[in-house]
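Visitor: Could you have a look at this structure, given as structure tokens, before my questions?
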Amino acid sequence: MPEQTLLNKVAIITGSSSGIGASIAHELSSRGANVVINYPFAHLKSEASSLAAMLPSPSITVQADLSQPHAPETLISAALQEWNRIDILINCAGIAVNKPIEEQTLEDWDRIVNLNGRGTFLMTKAVLPHLLQMAGGGCGDGRIVNIASISARGPPPNQTIYAGSKGMVDSFTKCWAKELPPKYGCTVNSVSPGPTMTEGFAAAAEEQMKILQPIIDQTPVGPRMAQPEEIAYAVAFLCEERARWINGVHLVASGGLFID
């Protein structure tokens with residue numbers, strides 16, 4: 001069991017019933033944090049419940065589709081009802097579409113931007129008053145970590161809308177890291193994963209993998225995708241109390257595939 005460095009902290013992790021989000025939930029929980037596991041649709045409830053049963057620290061599961069404007073309040077209300085505090089927000093919910101620009105549609109735009117971009121914006125805005133309550137006047141207790149992507153700065157072909165939406169998250173982080181700490185006693189950072197072996201990535205179309213595999217093979221640390229727990233470790237590091245002087249960082253977890 002890792003040292004309980006986040007004992008009794010409360011973390012909301014959007015999009016956390018599977019993939020990178022689920023690994024983040026496990027990592028934070030292993031350090032003692034109470035975790036809000038978020039799943040978007042009713043048919044994923046059992047998946048979220050199975051994850052909650054595996055976590056070593058207390059957790060709750062909450063259905064909320066972050067592409068919908070009311071979703072942040074649903075998550076926040078559940079966290080406050082259970083623990084009466086929020087210390088950490090991980091903006092992880094996101095989707096990707098891999099298609100040539102000629103085939104990407106307005107429906108694709110709405111699905112991706114409303115979740116990856118607007119959802120991150122609304123969730124962060126809604127949580128701020130509660131971070132202030134716990135921060136004690138700018139002491140740096142609160143943590144916001146946005147999950148961006150190396151696609152924001154080094155996108156492959158066929159990711160026009162996805163890369164653009166993660167570019168929004170990248171820019172949000174830079175802006176919020178300057179604006180929010182003096183008012184809300186938090187730090188704001190981002191983690192940008194490279195290709196990571198998640199359920200979503202495994203479902204990528206064969207044609208897209210033909211494009212991505214030669215890129216993956218060039219990864220300096222090793223010609224492979226990341227494991228979700230490797231991304232989760234980077235996120236958890238930024239949530240630690242001792243990371244209080246780390247703010248505005250764009251931490252790339254890609255094995256050196258992309259070097260900023």
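In the structure tokens, each chain is lettered A, B, ... as it comes, each chain's residues begin at 1, and ligands are numbered from 1 in order of appearance.
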Where does DSSP see strand (DSSP E or B) in range 83-253 of chain A, if you list the residues as an mmCIF file with N, CA and C atoms, in the first residue's frame?

Guide:
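And here's out23.cif as it stands now:
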```
data_model
loop_
_atom_site.group_PDB
_atom_site.id
_atom_site.type_symbol
_atom_site.label_atom_id
_atom_site.label_comp_id
_atom_site.auth_asym_id
_atom_site.auth_seq_id
_atom_site.Cartn_x
_atom_site.Cartn_y
_atom_site.Cartn_z
ATOM 1 N N ILE A 88 -9.873 17.981 -4.864
ATOM 2 C CA ILE A 88 -9.181 17.671 -6.116
ATOM 3 C C ILE A 88 -10.213 17.501 -7.221
ATOM 4 N N LEU A 89 -9.944 18.110 -8.365
ATOM 5 C CA LEU A 89 -10.742 17.883 -9.576
ATOM 6 C C LEU A 89 -9.826 17.403 -10.684
ATOM 7 N N ILE A 90 -10.148 16.250 -11.242
ATOM 8 C CA ILE A 90 -9.443 15.729 -12.403
ATOM 9 C C ILE A 90 -10.416 15.771 -13.581
ATOM 10 N N ASN A 91 -10.157 16.626 -14.546
ATOM 11 C CA ASN A 91 -10.990 16.719 -15.751
ATOM 12 C C ASN A 91 -10.481 15.711 -16.772
ATOM 13 N N GLY A 142 -5.988 23.115 -2.869
ATOM 14 C CA GLY A 142 -6.793 22.601 -3.964
ATOM 15 C C GLY A 142 -5.945 22.194 -5.146
ATOM 16 N N ARG A 143 -6.440 21.215 -5.893
ATOM 17 C CA ARG A 143 -5.740 20.727 -7.082
ATOM 18 C C ARG A 143 -6.728 20.572 -8.236
ATOM 19 N N ILE A 144 -6.372 21.145 -9.383
ATOM 20 C CA ILE A 144 -7.086 20.895 -10.633
ATOM 21 C C ILE A 144 -6.078 20.340 -11.622
ATOM 22 N N VAL A 145 -6.378 19.170 -12.155
ATOM 23 C CA VAL A 145 -5.516 18.562 -13.176
ATOM 24 C C VAL A 145 -6.375 18.247 -14.389
ATOM 25 N N ASN A 146 -6.015 18.829 -15.509
ATOM 26 C CA ASN A 146 -6.720 18.607 -16.768
ATOM 27 C C ASN A 146 -5.986 17.550 -17.588
ATOM 28 N N ILE A 147 -6.734 16.597 -18.105
ATOM 29 C CA ILE A 147 -6.138 15.602 -18.989
ATOM 30 C C ILE A 147 -6.251 16.125 -20.416
ATOM 31 N N CYS A 186 -5.644 27.106 -5.206
ATOM 32 C CA CYS A 186 -5.429 25.841 -5.893
ATOM 33 C C CYS A 186 -4.258 25.959 -6.859
ATOM 34 N N THR A 187 -3.770 24.831 -7.307
ATOM 35 C CA THR A 187 -2.868 24.810 -8.451
ATOM 36 C C THR A 187 -3.624 24.233 -9.640
ATOM 37 N N VAL A 188 -3.189 24.576 -10.845
ATOM 38 C CA VAL A 188 -3.812 24.083 -12.073
ATOM 39 C C VAL A 188 -2.715 23.585 -13.004
ATOM 40 N N ASN A 189 -2.777 22.323 -13.345
ATOM 41 C CA ASN A 189 -1.785 21.711 -14.225
ATOM 42 C C ASN A 189 -2.487 20.790 -15.216
ATOM 43 N N SER A 190 -1.735 20.347 -16.202
ATOM 44 C CA SER A 190 -2.290 19.384 -17.149
ATOM 45 C C SER A 190 -1.313 18.241 -17.360
ATOM 46 N N VAL A 191 -1.879 17.092 -17.685
ATOM 47 C CA VAL A 191 -1.096 15.928 -18.104
ATOM 48 C C VAL A 191 -1.530 15.575 -19.516
ATOM 49 N N SER A 192 -0.566 15.447 -20.405
ATOM 50 C CA SER A 192 -0.855 15.094 -21.790
ATOM 51 C C SER A 192 -0.339 13.686 -22.071
ATOM 52 N N PRO A 193 -1.233 12.704 -22.109
ATOM 53 C CA PRO A 193 -0.795 11.356 -22.455
ATOM 54 C C PRO A 193 -0.470 11.251 -23.941
ATOM 55 N N THR A 196 -2.170 5.547 -25.437
ATOM 56 C CA THR A 196 -2.317 4.783 -24.206
ATOM 57 C C THR A 196 -3.278 3.633 -24.440
ATOM 58 N N ALA A 226 1.529 3.600 -23.778
ATOM 59 C CA ALA A 226 1.554 3.682 -22.323
ATOM 60 C C ALA A 226 0.495 2.771 -21.727
ATOM 61 N N HIS A 250 2.648 21.688 -18.067
ATOM 62 C CA HIS A 250 2.120 20.787 -19.090
ATOM 63 C C HIS A 250 3.014 19.551 -19.060
ATOM 64 N N LEU A 251 2.583 18.537 -18.309
ATOM 65 C CA LEU A 251 3.394 17.349 -18.086
ATOM 66 C C LEU A 251 3.048 16.324 -19.162
ATOM 67 N N VAL A 252 4.009 16.062 -20.034
ATOM 68 C CA VAL A 252 3.788 15.128 -21.140
ATOM 69 C C VAL A 252 4.218 13.734 -20.707
ATOM 70 N N ALA A 253 3.295 12.808 -20.716
ATOM 71 C CA ALA A 253 3.570 11.419 -20.345
ATOM 72 C C ALA A 253 3.470 10.570 -21.607
#
```

Visitor: Could the residues of range 126-220 of chain A that have an atom at most 9 Å from range 73-79 of chain A be listed as a Markdown table, each with its closest atom pair and the distance in Å to one decimal, counting only C-alpha atoms and ordered by chain and ascending residue number?

Guide:
```
| residue | atom | partner | partner_atom | distance |
| --- | --- | --- | --- | --- |
| A:Ala126 | CA | A:Glu73 | CA | 6.9 |
| A:Val127 | CA | A:Ile76 | CA | 6.9 |
| A:His130 | CA | A:Ile76 | CA | 8.7 |
```

Visitor: Could you take the residues named above and write them with N, CA, C and O atoms, as a compact mmCIF listing (two decimals), in the first residue's frame?

Guide:
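Output file result.txt is given in full below:
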```txt
# COMPACT_ATOMS: atom_id res chain seq x y z
N ALA A 126 -17.76 25.30 -11.91
CA ALA A 126 -18.70 24.91 -10.86
C ALA A 126 -18.00 24.50 -9.57
O ALA A 126 -18.54 24.69 -8.47
N VAL A 127 -16.80 23.95 -9.66
CA VAL A 127 -16.13 23.43 -8.47
C VAL A 127 -15.38 24.51 -7.70
O VAL A 127 -15.08 24.33 -6.50
N HIS A 130 -16.10 25.65 -4.02
CA HIS A 130 -15.90 24.61 -3.02
C HIS A 130 -14.42 24.39 -2.74
O HIS A 130 -14.04 24.05 -1.62
```

Visitor: Applying 6 Å and only C-alpha atoms, which residues near range 166-173 of chain A remain after dropping the ones on its own chain fewer than 3 positions away? List them as a list in words.

Guide: Ala148, Ala152, Ala163, Trp176 and Ala177 of chain A

Visitor: Store the residues of this selection in a file with C-alpha atoms, as a CSV table (one decimal), in the first residue's frame.

Guide:
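Written file, out-v8.csv:
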```csv
chain,number,residue,atom,x,y,z
A,148,ALA,CA,-5.1,17.1,-22.3
A,152,ALA,CA,-3.0,19.2,-28.9
A,163,ALA,CA,-6.8,17.9,-31.4
A,176,TRP,CA,-6.4,29.2,-15.1
A,177,ALA,CA,-2.9,28.6,-13.7
```

Visitor: Using only C-alpha atoms, determine which residues lie at most 10 Å from Trp83 in chain A, disregarding the query and same-chain residues fewer than 5 positions distant; provide the list as a ChimeraX atom specification.

Guide: /A:8-10,34,78

Visitor: Could you go through range 11-250 of chain A and tell me which residues DSSP, when run on the backbone, assigns to alpha helix (DSSP H), listing them as a PyMOL selection string?

Guide: chain A and resi 19-30+45-54+71-83+106-112+120-135+160-179+181-184+199-202+206-216+228-239

Visitor: Could you tell me how far CA of Ser29 in chain A lies from CA of Leu66 in chain A, in Å and to one decimal?

Guide: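 Distance reported for this atom pair: 22.1 Å.
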
Visitor: Which distance in Å separates CA of Asn116 in chain A and CA of Ile12 in chain A, to one decimal?

Guide: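 So the two atoms, CA of Asn116 in chain A and CA of Ile12 in chain A, lie 16.2 Å apart.
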
Visitor: Got a sec: who's within 8 Å of Pro157 in chain A, counting only C-alpha atoms, leaving out chain neighbours fewer than 3 positions off, as a list in words?

Guide: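 The contact residues come out as Pro100, Thr160 and Ile211 of chain A.
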
Visitor: Restricting the output to C-alpha atoms, write the selected residues as a PDB file, in the first residue's frame.

Guide:
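Result saved to part00.pdb:
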```
ATOM      1  CA  PRO A 100     -10.349  12.645 -42.421  1.00  0.00           C
ATOM      2  CA  THR A 160      -8.875  17.765 -36.505  1.00  0.00           C
ATOM      3  CA  ILE A 211      -1.124   5.816 -39.261  1.00  0.00           C
TER       4      ILE A 211
END
```
